[in-house]
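Everything on this sheet refers to the single structure shown next.
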2 protein chains.
Amino acid sequence: MARIVMKFGGTSMAGTERIRRVAGIVKRQQEAGHEVAVVVSAMAGETDRLVDFCREASPLYDPAEYDVVVASGEQVTAGLLALTLQAMGCKARSWLGWQLPFRTDEAYSKARIGDIETQALLASMAVGEIAVIPGFQGVSSDNRVATLGRGGSDTSAVAVAAAVKADRCDIYTDVDGVYTTDPRIVAKARKLNRITYEEMLELASVGSKVLQTRSVSLAMKEGVRVQVLSSFIDENAVPADDLPGTMIVSDEELEGIDMERQLITGIAADKNEAKVTLTRIADRPGTVAAIFGPLADASINVDMIIQNVAKDKGETDVTFTVPTADLARATALLEERKEEIGFFRMIADDNVAKISIVGVGMRSHAGIAATMFSTLAERGINIQAISTSEIKISVLINADETELAVRLLHTAYELDAKDAA
Amino acid sequence: MARIVMKFGGTSMAGTERIRRVAGIVKRQQEAGHEVAVVVSAMAGETDRLVDFCREASPLYDPAEYDVVVASGEQVTAGLLALTLQAMGCKARSWLGWQLPFRTDEAYSKARIGDIETQALLASMAVGEIAVIPGFQGVSSDNRVATLGRGGSDTSAVAVAAAVKADRCDIYTDVDGVYTTDPRIVAKARKLNRITYEEMLELASVGSKVLQTRSVSLAMKEGVRVQVLSSFIDENAVPADDLPGTMIVSDEELEGIDMERQLITGIAADKNEAKVTLTRIADRPGTVAAIFGPLADASINVDMIIQNVAKDKGETDVTFTVPTADLARATALLEERKEEIGFFRMIADDNVAKISIVGVGMRSHAGIAATMFSTLAERGINIQAISTSEIKISVLINADETELAVRLLHTAYELDAKDAA
């Protein structure tokens with residue numbers, strides 16, 4: 001017997017028929033002898049509908065009241081899944097955030113998770129009741145509804161799994177696992193059986209939408225075994241305890257299993273960055289602070305930065321990237337400070353893409369970056385900026401070359417599936 | 001300064017624009033210097049949508065999980081009204097059933113109200129915060145969501161008004177008060193400025209949809225001054241403290257104000273009753289119990305009963321009415337017991353209407369019933385059954401004659417408005 005937390009996203013919960021399908025998948029795990037808790041999202045589209053109502057009611061909405069409204073979507077699906085499980089002959093009950101309680105701080109609409117009370121929950125699970133928990137919501141110490149922010153249900157599931165010391169946290173989505181890259185771009189993309197927390201974290205942060213970054217980070221911190229699965233596979237075709245998803249494991253665990261692993265695990269493309277270049281700024285101390293200080297104060301996240309070597313007259317150019325959504329705000333902020341910063345011209349460009357290669361293998365192998373640069377250079381793809389972490393290298397290129405670059409790199413790092421060749 | 005509880009129904013809360021209108025009405029009462037709590041229904045249609053989801057999930061649904069799902073509709077409107085009031089510059093916050101708490105028993109989906117905690121609520125209202133409370137919902141002693149049953153928001157409002165010792169409970173609906181009869185049937189119907197609890201209760205129980213019976217009964221028991229108002233009037237055309245609705249008052253209070261009151265206050269027509277006749281049953285002890293015992297056990301509410309005088313062979317006929325919704329169940333039940341009861345034939349007829357005249361004046365005046373019977377007889381309207389209470393006389397007639405009968409009686413009891421003559 002194992003204790004399992006399962007999580008189903010909005011696409012899986014969209015309507016009676018799909019909820020019935022989810023209930024079947026859940027029931028099967030219980031029948032396999034496991035204690036089961038299920039965390040659910042709102043029906044696809046429902047949270048957007050509720051957010052729109054809030055915006056119409058008050059453009060500058062009070063996040064505490066916003067949370068009262070938007071948390072209702074998960075309350076509905078939690079009740080409906082409990083009812084559907086009961087109709088299939090299972091014992092089941094819902095546990096709303098304030099009932100567990102699932103405690104959070106008072107940062108309404110982006111609350112941080114505190115501790116989760118598990119005594120009543122575990123007692124219920126121990127007598128064979130399936131616990132259905134609405135994702136995304138908790139209760140603050142002021143006894144008010146608090147939500148974790150968009151996409152927070154993955155994080156709810158991982159937090160519940162950590163609290164009940166679950167053997168596994170199975171995240172069911174509309175894809176059947178984590179791929180070496182987006183299969184819509186590269187037909188030869190392969191599904192990964194395993195990936196490390198660090199790799200998943202880097203991939204999530206550069207555009208892989210499979211899991212929310214925050215949930216991966218929490219799983220890594222708490223040591224929760226997370227598995228990504230599809231809720232649309234024919235679950236009867238595979239054994240209940242060997243579902244064909246992607247397991248997220250620690251680096252040590254992966255080392256033990258997979259000695260011959262690839263150097264690069266995955267490749268991601270992110271078109272949500274925009275490039276800003278300030279020309280002819282003074283090459284002296286304080287200039288960089290004058291640029292990036294105000295951006296940081298406005299909570300605009302600057303990612304890649306390159307400063308050219310000063311040419312003549314002690315002048316230089318600075319290029320950096322910001323999220324596309326913040327581009328207008330960033331350029332307005334800098335334009336206001338044009339005198340103070342002392343730049344000649346500002347050039348904004350949102351027709352760029354960030355291509356990232358991720359893999360813990362690059363820690364111990366040299367030459368990974370060189371392969372990336374030469375592969376792109378051979379086909380005339382110009383690299384506009386570079387940033388790296390310990391297990392990731394990102395380059396900024398023209399957005400029109402995104403798919404080409406991903407395909408070239410996928411082949412260069414020998415990630416192409418053999419059977420799809 | 002007064003303390004006011006206001007209640008808005010689903011039609012008034014249906015969408016952003018209407019909620020804004022409601023917020024305007026609420027704000028005006030606060031600006032008149034009052035402490036204000038508002039009880040809201042779900043948006044029109046939303047509860048039906050949620051009930052449908054529950055039925056699809058599980059035809060024999062667990063009422064506790066049903067309550068989790070359907071209570072979400074009022075949660076949404078409560079949050080949205082708080083946000084809208086804030087956007088208009090008012091201080092406002094929502095108080096969900098479990099937050100107050102608004103305690104109930106464990107009869108999920110038809111819970112009875114227990115006590116309502118008011119300390120935090122009154123403290124918040126005292127500092128000028130408008131309290132927005134979702135109707136229809138509370139929390140059971142098992143710490144689970146419990147709803148009061150359809151239409152329960154009126155009752156929530158009266159219960160809150162009683163708990164906070166409100167000076168008034170204003171129920172805003174899509175009509176502008178209680179009329180002598182349905183204005184869609186009788187153009188000369190008059191709006192009543194005042195009506196007694198007893199009269200309102202009788203009218204509510206015989207088809208006047210203005211207020212839920214249960215809320216009137218609670219208001220009478222707790223002595224809550226209830227006022228029925230329209231949320232669609234131009235509220236700026238009338239002073240905030242003299243709104244043109246119908247005030248529900250005690251018999252004593254009305255006596256003091258209105259010495260020259262009408263004998264009859266209102267006339268209602270109810271087409272939701274059906275007639276059942278069992279012919280040639282034995283006229284002996286035990287037969288009546290054999291008929292009505294099983295119906296009572298099945299919670300089928302029998303209203304009017306007439307047993308004809310035994311003719312020959314010690315046989316007689318029995319006629320009675322049941323709610324149309326229960327007709328099929330009632331006839332099936334009786335058919336099963338045909339031998340035991342010993343009837344010859346069962347005749348069911350749902351083409352009947354119950355016409356009721358209501359008025360506390362009939363307590364002290366003879367001849368009221370005679371006027372009713374002769375008025376109908378003069379136009380050849382056949383009375384199929386009669387039932388009475390201290391302040392109500394109901395007759396059962398052919399449904400096709402409903403409107404005619406109501407108009408004749410409205411004139412006979414001198415209820416027609418003079419200016420609309």
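As shown in the structure tokens, the chain order sets the letters A, B, ...; within each chain, residues go from 1, and ligands are also counted from 1 in the order they appear.
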
Expected answer as a VMD selection string: chain A residues within 8 Å of chain B, only C-alpha atoms = chain A and resid 16 20 53 to 54 56 to 62 65 to 66 68 to 70 72 to 73 75 to 84 86 to 87 93 to 94 99 143 to 144

With N, CA and C atoms kept, could you save the residues just selected as an mmCIF file, in the first residue's frame?
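Result file follows (again-v9.cif):
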```cif
data_model
loop_
_atom_site.group_PDB
_atom_site.id
_atom_site.type_symbol
_atom_site.label_atom_id
_atom_site.label_comp_id
_atom_site.auth_asym_id
_atom_site.auth_seq_id
_atom_site.Cartn_x
_atom_site.Cartn_y
_atom_site.Cartn_z
ATOM 1 N N THR A 16 -18.840 17.338 -16.853
ATOM 2 C CA THR A 16 -19.261 16.092 -16.214
ATOM 3 C C THR A 16 -18.536 14.861 -16.762
ATOM 4 N N ARG A 20 -15.906 12.420 -14.788
ATOM 5 C CA ARG A 20 -16.168 10.990 -14.635
ATOM 6 C C ARG A 20 -14.918 10.181 -15.021
ATOM 7 N N PHE A 53 -14.924 38.903 -13.974
ATOM 8 C CA PHE A 53 -15.943 39.521 -13.109
ATOM 9 C C PHE A 53 -15.288 40.475 -12.102
ATOM 10 N N CYS A 54 -14.193 40.027 -11.503
ATOM 11 C CA CYS A 54 -13.500 40.873 -10.508
ATOM 12 C C CYS A 54 -12.988 42.154 -11.142
ATOM 13 N N GLU A 56 -14.122 43.646 -13.778
ATOM 14 C CA GLU A 56 -15.253 44.518 -14.109
ATOM 15 C C GLU A 56 -15.763 45.219 -12.848
ATOM 16 N N ALA A 57 -15.759 44.488 -11.731
ATOM 17 C CA ALA A 57 -16.279 45.054 -10.479
ATOM 18 C C ALA A 57 -15.369 46.161 -9.974
ATOM 19 N N SER A 58 -14.061 45.970 -10.128
ATOM 20 C CA SER A 58 -13.120 46.913 -9.547
ATOM 21 C C SER A 58 -11.756 46.724 -10.196
ATOM 22 N N PRO A 59 -11.356 47.674 -11.040
ATOM 23 C CA PRO A 59 -10.071 47.499 -11.745
ATOM 24 C C PRO A 59 -8.909 47.309 -10.770
ATOM 25 N N LEU A 60 -8.934 48.040 -9.668
ATOM 26 C CA LEU A 60 -7.871 47.871 -8.660
ATOM 27 C C LEU A 60 -8.447 47.050 -7.529
ATOM 28 N N TYR A 61 -8.598 45.751 -7.771
ATOM 29 C CA TYR A 61 -9.377 44.991 -6.808
ATOM 30 C C TYR A 61 -8.606 44.655 -5.534
ATOM 31 N N ASP A 62 -9.383 44.567 -4.458
ATOM 32 C CA ASP A 62 -8.895 44.114 -3.154
ATOM 33 C C ASP A 62 -8.580 42.620 -3.287
ATOM 34 N N GLU A 65 -10.875 40.027 -1.464
ATOM 35 C CA GLU A 65 -12.200 39.742 -2.032
ATOM 36 C C GLU A 65 -12.071 39.007 -3.363
ATOM 37 N N TYR A 66 -11.040 39.365 -4.126
ATOM 38 C CA TYR A 66 -10.744 38.633 -5.368
ATOM 39 C C TYR A 66 -10.598 37.147 -5.048
ATOM 40 N N VAL A 68 -11.920 35.443 -2.607
ATOM 41 C CA VAL A 68 -13.230 34.860 -2.276
ATOM 42 C C VAL A 68 -13.924 34.420 -3.569
ATOM 43 N N VAL A 69 -13.820 35.281 -4.586
ATOM 44 C CA VAL A 69 -14.513 34.995 -5.851
ATOM 45 C C VAL A 69 -13.819 33.862 -6.608
ATOM 46 N N VAL A 70 -12.515 33.984 -6.835
ATOM 47 C CA VAL A 70 -11.859 33.014 -7.726
ATOM 48 C C VAL A 70 -11.694 31.633 -7.091
ATOM 49 N N SER A 72 -13.822 29.974 -5.709
ATOM 50 C CA SER A 72 -15.056 29.193 -5.848
ATOM 51 C C SER A 72 -14.969 28.159 -6.969
ATOM 52 N N GLY A 73 -14.142 28.411 -7.976
ATOM 53 C CA GLY A 73 -14.044 27.472 -9.097
ATOM 54 C C GLY A 73 -13.562 26.101 -8.670
ATOM 55 N N GLN A 75 -13.721 24.985 -5.572
ATOM 56 C CA GLN A 75 -14.705 24.449 -4.629
ATOM 57 C C GLN A 75 -15.747 23.618 -5.390
ATOM 58 N N VAL A 76 -16.171 24.142 -6.544
ATOM 59 C CA VAL A 76 -17.172 23.447 -7.358
ATOM 60 C C VAL A 76 -16.632 22.103 -7.854
ATOM 61 N N THR A 77 -15.446 22.086 -8.435
ATOM 62 C CA THR A 77 -14.931 20.824 -8.981
ATOM 63 C C THR A 77 -14.618 19.819 -7.866
ATOM 64 N N ALA A 78 -14.207 20.307 -6.698
ATOM 65 C CA ALA A 78 -13.938 19.384 -5.582
ATOM 66 C C ALA A 78 -15.228 18.678 -5.173
ATOM 67 N N GLY A 79 -16.301 19.443 -5.014
ATOM 68 C CA GLY A 79 -17.590 18.842 -4.657
ATOM 69 C C GLY A 79 -18.060 17.881 -5.735
ATOM 70 N N LEU A 80 -17.914 18.276 -6.994
ATOM 71 C CA LEU A 80 -18.393 17.428 -8.088
ATOM 72 C C LEU A 80 -17.597 16.128 -8.201
ATOM 73 N N LEU A 81 -16.268 16.207 -7.990
ATOM 74 C CA LEU A 81 -15.491 14.966 -8.057
ATOM 75 C C LEU A 81 -15.869 14.040 -6.900
ATOM 76 N N ALA A 82 -16.094 14.601 -5.707
ATOM 77 C CA ALA A 82 -16.516 13.759 -4.570
ATOM 78 C C ALA A 82 -17.848 13.078 -4.904
ATOM 79 N N LEU A 83 -18.795 13.838 -5.471
ATOM 80 C CA LEU A 83 -20.099 13.265 -5.845
ATOM 81 C C LEU A 83 -19.927 12.158 -6.891
ATOM 82 N N THR A 84 -19.072 12.401 -7.878
ATOM 83 C CA THR A 84 -18.881 11.433 -8.961
ATOM 84 C C THR A 84 -18.246 10.151 -8.423
ATOM 85 N N GLN A 86 -18.540 9.038 -5.381
ATOM 86 C CA GLN A 86 -19.591 8.365 -4.606
ATOM 87 C C GLN A 86 -20.521 7.589 -5.537
ATOM 88 N N ALA A 87 -20.862 8.214 -6.668
ATOM 89 C CA ALA A 87 -21.763 7.546 -7.617
ATOM 90 C C ALA A 87 -21.122 6.279 -8.179
ATOM 91 N N ARG A 93 -14.891 12.457 0.172
ATOM 92 C CA ARG A 93 -15.407 13.742 0.648
ATOM 93 C C ARG A 93 -14.431 14.862 0.307
ATOM 94 N N SER A 94 -14.990 16.052 0.191
ATOM 95 C CA SER A 94 -14.163 17.211 -0.134
ATOM 96 C C SER A 94 -13.655 17.862 1.149
ATOM 97 N N GLN A 99 -11.230 24.071 5.788
ATOM 98 C CA GLN A 99 -11.637 22.906 6.574
ATOM 99 C C GLN A 99 -10.456 22.077 7.048
ATOM 100 N N ASN A 143 -8.322 34.145 9.000
ATOM 101 C CA ASN A 143 -9.510 33.325 8.720
ATOM 102 C C ASN A 143 -10.229 33.756 7.440
ATOM 103 N N ARG A 144 -9.440 34.163 6.452
ATOM 104 C CA ARG A 144 -10.037 34.538 5.162
ATOM 105 C C ARG A 144 -9.463 33.650 4.068
#
```

ask   = What lies within 6 Å of range 382-398 of chain A using only C-alpha atoms, ignoring chain neighbours under 5 positions off, as an NGL selection string?
value = :A and (304 or 352-360 or 362)

query = range 261-394 of chain A: which residues are helix (DSSP H, G or I) by DSSP, as a ChimeraX atom specification?
reply = /A:287-297,324-336,338-341,360-363,368-378

With N, CA and C atoms retained, export the selected residues as a short mmCIF file (atom, residue, chain, number, x, y, z; two decimals), in the first residue's frame.
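File out-v9.cif, as written:
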```cif
data_model
loop_
_atom_site.label_atom_id
_atom_site.label_comp_id
_atom_site.auth_asym_id
_atom_site.auth_seq_id
_atom_site.Cartn_x
_atom_site.Cartn_y
_atom_site.Cartn_z
N THR A 287 26.34 54.02 -13.94
CA THR A 287 25.41 54.03 -15.06
C THR A 287 24.51 52.79 -15.03
N VAL A 288 25.14 51.63 -14.80
CA VAL A 288 24.38 50.39 -14.79
C VAL A 288 23.32 50.41 -13.66
N ALA A 289 23.72 50.93 -12.50
CA ALA A 289 22.77 51.04 -11.39
C ALA A 289 21.62 51.96 -11.76
N ALA A 290 21.91 53.03 -12.49
CA ALA A 290 20.87 53.99 -12.88
C ALA A 290 19.85 53.34 -13.83
N ILE A 291 20.32 52.33 -14.58
CA ILE A 291 19.39 51.63 -15.49
C ILE A 291 18.58 50.59 -14.73
N PHE A 292 19.29 49.70 -14.01
CA PHE A 292 18.62 48.52 -13.47
C PHE A 292 17.96 48.74 -12.11
N GLY A 293 18.39 49.78 -11.40
CA GLY A 293 17.75 50.08 -10.11
C GLY A 293 16.26 50.35 -10.27
N PRO A 294 15.90 51.31 -11.15
CA PRO A 294 14.46 51.62 -11.31
C PRO A 294 13.65 50.42 -11.81
N LEU A 295 14.25 49.57 -12.65
CA LEU A 295 13.53 48.40 -13.15
C LEU A 295 13.25 47.42 -12.00
N ALA A 296 14.27 47.24 -11.17
CA ALA A 296 14.09 46.34 -10.02
C ALA A 296 13.03 46.90 -9.08
N ASP A 297 13.05 48.22 -8.86
CA ASP A 297 12.05 48.84 -7.98
C ASP A 297 10.63 48.61 -8.51
N THR A 324 8.07 40.20 -22.08
CA THR A 324 7.32 40.98 -23.06
C THR A 324 6.19 41.77 -22.41
N ALA A 325 5.55 41.15 -21.42
CA ALA A 325 4.41 41.80 -20.75
C ALA A 325 4.84 43.08 -20.04
N ASP A 326 6.12 43.19 -19.68
CA ASP A 326 6.60 44.37 -18.95
C ASP A 326 7.33 45.37 -19.85
N LEU A 327 7.38 45.06 -21.17
CA LEU A 327 8.21 45.88 -22.06
C LEU A 327 7.77 47.34 -22.07
N ALA A 328 6.47 47.58 -22.22
CA ALA A 328 5.97 48.95 -22.31
C ALA A 328 6.29 49.74 -21.04
N ARG A 329 6.10 49.06 -19.91
CA ARG A 329 6.37 49.71 -18.63
C ARG A 329 7.86 50.01 -18.48
N ALA A 330 8.69 49.06 -18.92
CA ALA A 330 10.15 49.23 -18.80
C ALA A 330 10.63 50.39 -19.66
N THR A 331 10.16 50.46 -20.91
CA THR A 331 10.66 51.53 -21.79
C THR A 331 10.17 52.90 -21.31
N ALA A 332 8.92 52.95 -20.78
CA ALA A 332 8.40 54.22 -20.27
C ALA A 332 9.24 54.70 -19.09
N LEU A 333 9.59 53.75 -18.22
CA LEU A 333 10.40 54.06 -17.05
C LEU A 333 11.78 54.61 -17.43
N LEU A 334 12.38 53.99 -18.44
CA LEU A 334 13.73 54.40 -18.84
C LEU A 334 13.69 55.73 -19.60
N GLU A 335 12.65 55.93 -20.41
CA GLU A 335 12.51 57.16 -21.17
C GLU A 335 12.44 58.36 -20.22
N GLU A 336 11.69 58.18 -19.10
CA GLU A 336 11.59 59.22 -18.08
C GLU A 336 12.95 59.61 -17.50
N LYS A 338 15.90 59.40 -19.08
CA LYS A 338 16.86 59.49 -20.17
C LYS A 338 18.05 60.40 -19.83
N GLU A 339 17.75 61.56 -19.26
CA GLU A 339 18.79 62.52 -18.88
C GLU A 339 19.73 61.92 -17.84
N GLU A 340 19.11 61.40 -16.80
CA GLU A 340 19.85 60.86 -15.67
C GLU A 340 20.79 59.72 -16.08
N ILE A 341 20.26 58.78 -16.90
CA ILE A 341 21.06 57.64 -17.35
C ILE A 341 22.06 58.11 -18.40
N VAL A 360 21.81 18.28 -16.28
CA VAL A 360 22.79 18.23 -15.19
C VAL A 360 24.12 17.70 -15.70
N GLY A 361 24.09 17.02 -16.86
CA GLY A 361 25.32 16.48 -17.45
C GLY A 361 26.36 17.54 -17.76
N MET A 362 25.89 18.77 -17.99
CA MET A 362 26.86 19.79 -18.39
C MET A 362 27.79 20.21 -17.24
N ARG A 363 27.43 19.85 -16.02
CA ARG A 363 28.31 20.13 -14.88
C ARG A 363 29.67 19.48 -15.06
N ILE A 368 29.99 21.75 -24.03
CA ILE A 368 28.55 21.78 -24.31
C ILE A 368 28.16 23.10 -24.97
N ALA A 369 28.66 24.20 -24.39
CA ALA A 369 28.32 25.52 -24.92
C ALA A 369 28.89 25.68 -26.33
N ALA A 370 30.08 25.18 -26.50
CA ALA A 370 30.74 25.31 -27.82
C ALA A 370 29.91 24.64 -28.90
N THR A 371 29.36 23.47 -28.60
CA THR A 371 28.51 22.76 -29.56
C THR A 371 27.29 23.61 -29.91
N MET A 372 26.71 24.23 -28.88
CA MET A 372 25.53 25.07 -29.11
C MET A 372 25.86 26.23 -30.06
N PHE A 373 26.94 26.93 -29.73
CA PHE A 373 27.27 28.12 -30.51
C PHE A 373 27.62 27.75 -31.96
N SER A 374 28.40 26.66 -32.11
CA SER A 374 28.83 26.32 -33.47
C SER A 374 27.66 25.78 -34.30
N THR A 375 26.76 25.03 -33.65
CA THR A 375 25.60 24.50 -34.37
C THR A 375 24.76 25.64 -34.94
N LEU A 376 24.57 26.68 -34.12
CA LEU A 376 23.75 27.81 -34.58
C LEU A 376 24.51 28.63 -35.62
N ALA A 377 25.81 28.80 -35.39
CA ALA A 377 26.62 29.62 -36.30
C ALA A 377 26.67 29.00 -37.69
N GLU A 378 26.78 27.66 -37.74
CA GLU A 378 26.86 26.98 -39.04
C GLU A 378 25.67 27.29 -39.94
#
```

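Coordinates place CA of Met247 in chain B at a distance of 22.2 Å from CA of Ala23 in chain B.
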